[in-house]
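As structure tokens, the structure follows; a few thoughts come after it.
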Amino acid sequence: MLFDDVILGRRSIRGYKPDPVPKALIKEIIGLAMRAPSSMNTQPWNFYVVTGEPLDRIRAGNTERNLAGVPHSREFRTGQPFAGPHRERQVGVAKQLFSAMGIARDDKDGRQDWVMRGFRQFDAPVCVIVTYDRVLKDSDDTPFDCGAVANALVNAAWSRGLGAVINSPGIMQSPVVREHAGIADDQVIMKSIALGWPDESFPANAVVSERKSVDEATVFVGFD
């Protein structure tokens, strides 16, 4: 694919075929992603790639604990709830997804099932858990760098015919994730990325989220 085709064509994939993804292909994608820039070349990221029974145990643990009301235990700061234009964009993409899936506003069961899909990493055959070295936990550069490598990873996956979605609910219960993924104590869990072959029959996969314009986002200084 041309670079523009990857960037403009990529979508967040929330419905996957059950087909396995070859380990060699995942290694190739991670190798490409790791060419992402990082602050002073610190490369703080690490990856735990989970599939099969260990991933099923993470899905089950996430689901059971969340349904039981166990408080979330994500290891990165989430800040205050979104407000203003950020909340409007959050609601906007939710409306797009619910419309595509035929989930009505008063369909509590349908909405609950959608939330549960997030806890299950959208039933993808692979979950890539992005972590960073705990010695860097006080550095704001570090999560910025992890965002860069995550972006590179989902685009590299798309260029190889795979789909992905960067996913926070899948790591909301960090003790479960740590146990079944074998994450070392010297690592902080940053994000998870669901990965697999897109199921083109899954309606939400056709959703293209809206973007604000360049003029809205950009201030040009010193130009004629």
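Residues are named by chain letter and number: chains run A, B, ... in the order of the structure tokens, numbers start at 1 in each chain, and ligands are numbered from 1 in the order shown.
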
> DSSP on the backbone: what in stretch 32-219 of chain A comes out strand (DSSP E), as a ChimeraX atom specification?
Replying inline: /A:45-51,126-133,163-167,187-196

Writer output for current selection, N, CA, C and O atoms, as a tab-separated table (two decimals), in the first residue's frame:
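And here's out.tsv as it stands now:
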chain	number	residue	atom	x	y	z
A	45	TRP	N	9.02	1.35	25.19
A	45	TRP	CA	7.92	0.42	25.02
A	45	TRP	C	8.36	-1.04	25.06
A	45	TRP	O	9.48	-1.40	24.72
A	46	ASN	N	7.43	-1.88	25.48
A	46	ASN	CA	7.55	-3.33	25.35
A	46	ASN	C	6.17	-3.87	24.98
A	46	ASN	O	5.16	-3.18	25.15
A	47	PHE	N	6.14	-5.09	24.49
A	47	PHE	CA	4.89	-5.67	23.99
A	47	PHE	C	4.71	-7.08	24.53
A	47	PHE	O	5.63	-7.89	24.50
A	48	TYR	N	3.51	-7.35	25.03
A	48	TYR	CA	3.11	-8.70	25.40
A	48	TYR	C	2.01	-9.10	24.43
A	48	TYR	O	0.93	-8.48	24.42
A	49	VAL	N	2.27	-10.09	23.59
A	49	VAL	CA	1.33	-10.49	22.56
A	49	VAL	C	0.65	-11.78	23.02
A	49	VAL	O	1.30	-12.80	23.22
A	50	VAL	N	-0.67	-11.71	23.19
A	50	VAL	CA	-1.41	-12.79	23.84
A	50	VAL	C	-2.47	-13.35	22.88
A	50	VAL	O	-3.16	-12.60	22.19
A	51	THR	N	-2.60	-14.66	22.87
A	51	THR	CA	-3.62	-15.32	22.07
A	51	THR	C	-4.06	-16.60	22.77
A	51	THR	O	-3.54	-16.93	23.84
A	126	VAL	N	-6.00	-11.91	18.72
A	126	VAL	CA	-4.73	-11.49	19.31
A	126	VAL	C	-4.94	-10.20	20.08
A	126	VAL	O	-5.70	-9.32	19.65
A	127	CYS	N	-4.26	-10.08	21.20
A	127	CYS	CA	-4.23	-8.82	21.95
A	127	CYS	C	-2.77	-8.45	22.17
A	127	CYS	O	-1.98	-9.26	22.68
A	128	VAL	N	-2.40	-7.25	21.75
A	128	VAL	CA	-1.06	-6.72	21.98
A	128	VAL	C	-1.14	-5.75	23.15
A	128	VAL	O	-1.83	-4.72	23.05
A	129	ILE	N	-0.48	-6.06	24.23
A	129	ILE	CA	-0.48	-5.19	25.40
A	129	ILE	C	0.79	-4.36	25.38
A	129	ILE	O	1.91	-4.91	25.38
A	130	VAL	N	0.64	-3.05	25.32
A	130	VAL	CA	1.77	-2.13	25.28
A	130	VAL	C	2.11	-1.73	26.72
A	130	VAL	O	1.24	-1.25	27.45
A	131	THR	N	3.34	-1.95	27.12
A	131	THR	CA	3.80	-1.55	28.45
A	131	THR	C	5.01	-0.63	28.31
A	131	THR	O	5.60	-0.52	27.23
A	132	TYR	N	5.35	0.01	29.41
A	132	TYR	CA	6.60	0.79	29.41
A	132	TYR	C	7.35	0.55	30.71
A	132	TYR	O	6.80	0.10	31.72
A	133	ASP	N	8.62	0.85	30.69
A	133	ASP	CA	9.50	0.57	31.82
A	133	ASP	C	9.13	1.45	33.02
A	133	ASP	O	9.07	2.68	32.91
A	163	GLY	N	-6.60	-5.86	10.81
A	163	GLY	CA	-7.30	-4.77	11.47
A	163	GLY	C	-6.88	-4.68	12.92
A	163	GLY	O	-6.36	-5.64	13.49
A	164	ALA	N	-7.12	-3.53	13.51
A	164	ALA	CA	-6.75	-3.32	14.91
A	164	ALA	C	-7.61	-2.21	15.49
A	164	ALA	O	-8.17	-1.39	14.76
A	165	VAL	N	-7.70	-2.19	16.81
A	165	VAL	CA	-8.29	-1.06	17.51
A	165	VAL	C	-7.56	-0.91	18.84
A	165	VAL	O	-7.34	-1.88	19.56
A	166	ILE	N	-7.13	0.31	19.12
A	166	ILE	CA	-6.50	0.62	20.40
A	166	ILE	C	-7.60	0.63	21.45
A	166	ILE	O	-8.61	1.30	21.30
A	167	ASN	N	-7.39	-0.11	22.53
A	167	ASN	CA	-8.48	-0.46	23.42
A	167	ASN	C	-8.08	-0.30	24.88
A	167	ASN	O	-7.09	-0.88	25.32
A	187	GLN	N	7.19	-3.34	34.66
A	187	GLN	CA	6.46	-2.76	33.55
A	187	GLN	C	5.16	-2.12	34.01
A	187	GLN	O	4.51	-2.61	34.94
A	188	VAL	N	4.79	-1.00	33.38
A	188	VAL	CA	3.49	-0.35	33.58
A	188	VAL	C	2.64	-0.66	32.35
A	188	VAL	O	3.10	-0.50	31.21
A	189	ILE	N	1.40	-1.11	32.58
A	189	ILE	CA	0.50	-1.40	31.46
A	189	ILE	C	-0.07	-0.09	30.92
A	189	ILE	O	-0.70	0.67	31.64
A	190	MET	N	0.16	0.16	29.63
A	190	MET	CA	-0.28	1.41	29.03
A	190	MET	C	-1.59	1.25	28.26
A	190	MET	O	-2.57	1.92	28.53
A	191	LYS	N	-1.61	0.36	27.30
A	191	LYS	CA	-2.80	0.16	26.45
A	191	LYS	C	-2.83	-1.27	25.95
A	191	LYS	O	-1.83	-1.99	26.00
A	192	SER	N	-3.98	-1.67	25.43
A	192	SER	CA	-4.04	-2.92	24.68
A	192	SER	C	-4.52	-2.61	23.27
A	192	SER	O	-5.22	-1.61	23.04
A	193	ILE	N	-4.12	-3.46	22.34
A	193	ILE	CA	-4.51	-3.31	20.94
A	193	ILE	C	-5.08	-4.64	20.48
A	193	ILE	O	-4.36	-5.66	20.47
A	194	ALA	N	-6.36	-4.66	20.14
A	194	ALA	CA	-6.97	-5.85	19.55
A	194	ALA	C	-6.47	-5.96	18.11
A	194	ALA	O	-6.36	-4.96	17.39
A	195	LEU	N	-6.16	-7.19	17.68
A	195	LEU	CA	-5.52	-7.39	16.38
A	195	LEU	C	-6.06	-8.66	15.73
A	195	LEU	O	-6.21	-9.70	16.40
A	196	GLY	N	-6.35	-8.60	14.44
A	196	GLY	CA	-6.80	-9.79	13.73
A	196	GLY	C	-7.26	-9.45	12.32
A	196	GLY	O	-7.14	-8.31	11.85

>> Can you tell me which residues surround A:Arg14 at a distance of at most 9 Å, considering only C-alpha atoms, apart from same-chain residues fewer than 4 positions away, and format the answer as a ChimeraX atom specification?
In response: /A:117-118,121-124,163-165,194,198-199,202,204-205

>> Using only C-alpha atoms, which protein or nucleic acid residues come within 12 Å of A:Val115? Drop anything in the same chain fewer than 3 positions from it, and give the result as a PyMOL selection string.
In response: chain A and resi 14+62-63+66-67+94+97-98+108-112+118-122+167-170

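With only C-alpha atoms as the atoms that count, the minimum distance from A:Arg77 to the choices A:Pro37, A:Gly182, A:Ile7, A:Lys137 is reached by A:Lys137.
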
> So, counting only C-alpha atoms, which residue among A:Ala184, A:Val149, A:Ser159, A:Pro203 is closest to A:Gly102?
Replying inline: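 Looking at the shortest contact to A:Gly102, the residue is A:Pro203.
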
>> Need to verify the contact set: stretch 208-221 of chain A, 10 Å, only C-alpha atoms, exclusion of same-chain residues closer than 2 positions in sequence. Can you return it as number ranges by chain?
In response: A: 8-12, 89, 92-94, 96-97, 204-206, 223-224

>> Could you check the closest approach to A:Arg178 for each of A:Asp5, A:Asp140, A:Glu53, A:Glu75 and tell me which residue wins, using only C-alpha atoms?
In response: A:Glu75

> Quick one: DSSP helix (DSSP H, G or I) residues in stretch 141-185 of chain A, as a ChimeraX atom specification?
Replying inline: /A:141-159,169-171,174-181

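When atom CA of A:Asn151 is paired with atom CA of A:Ala36, their separation reads 8.6 Å.
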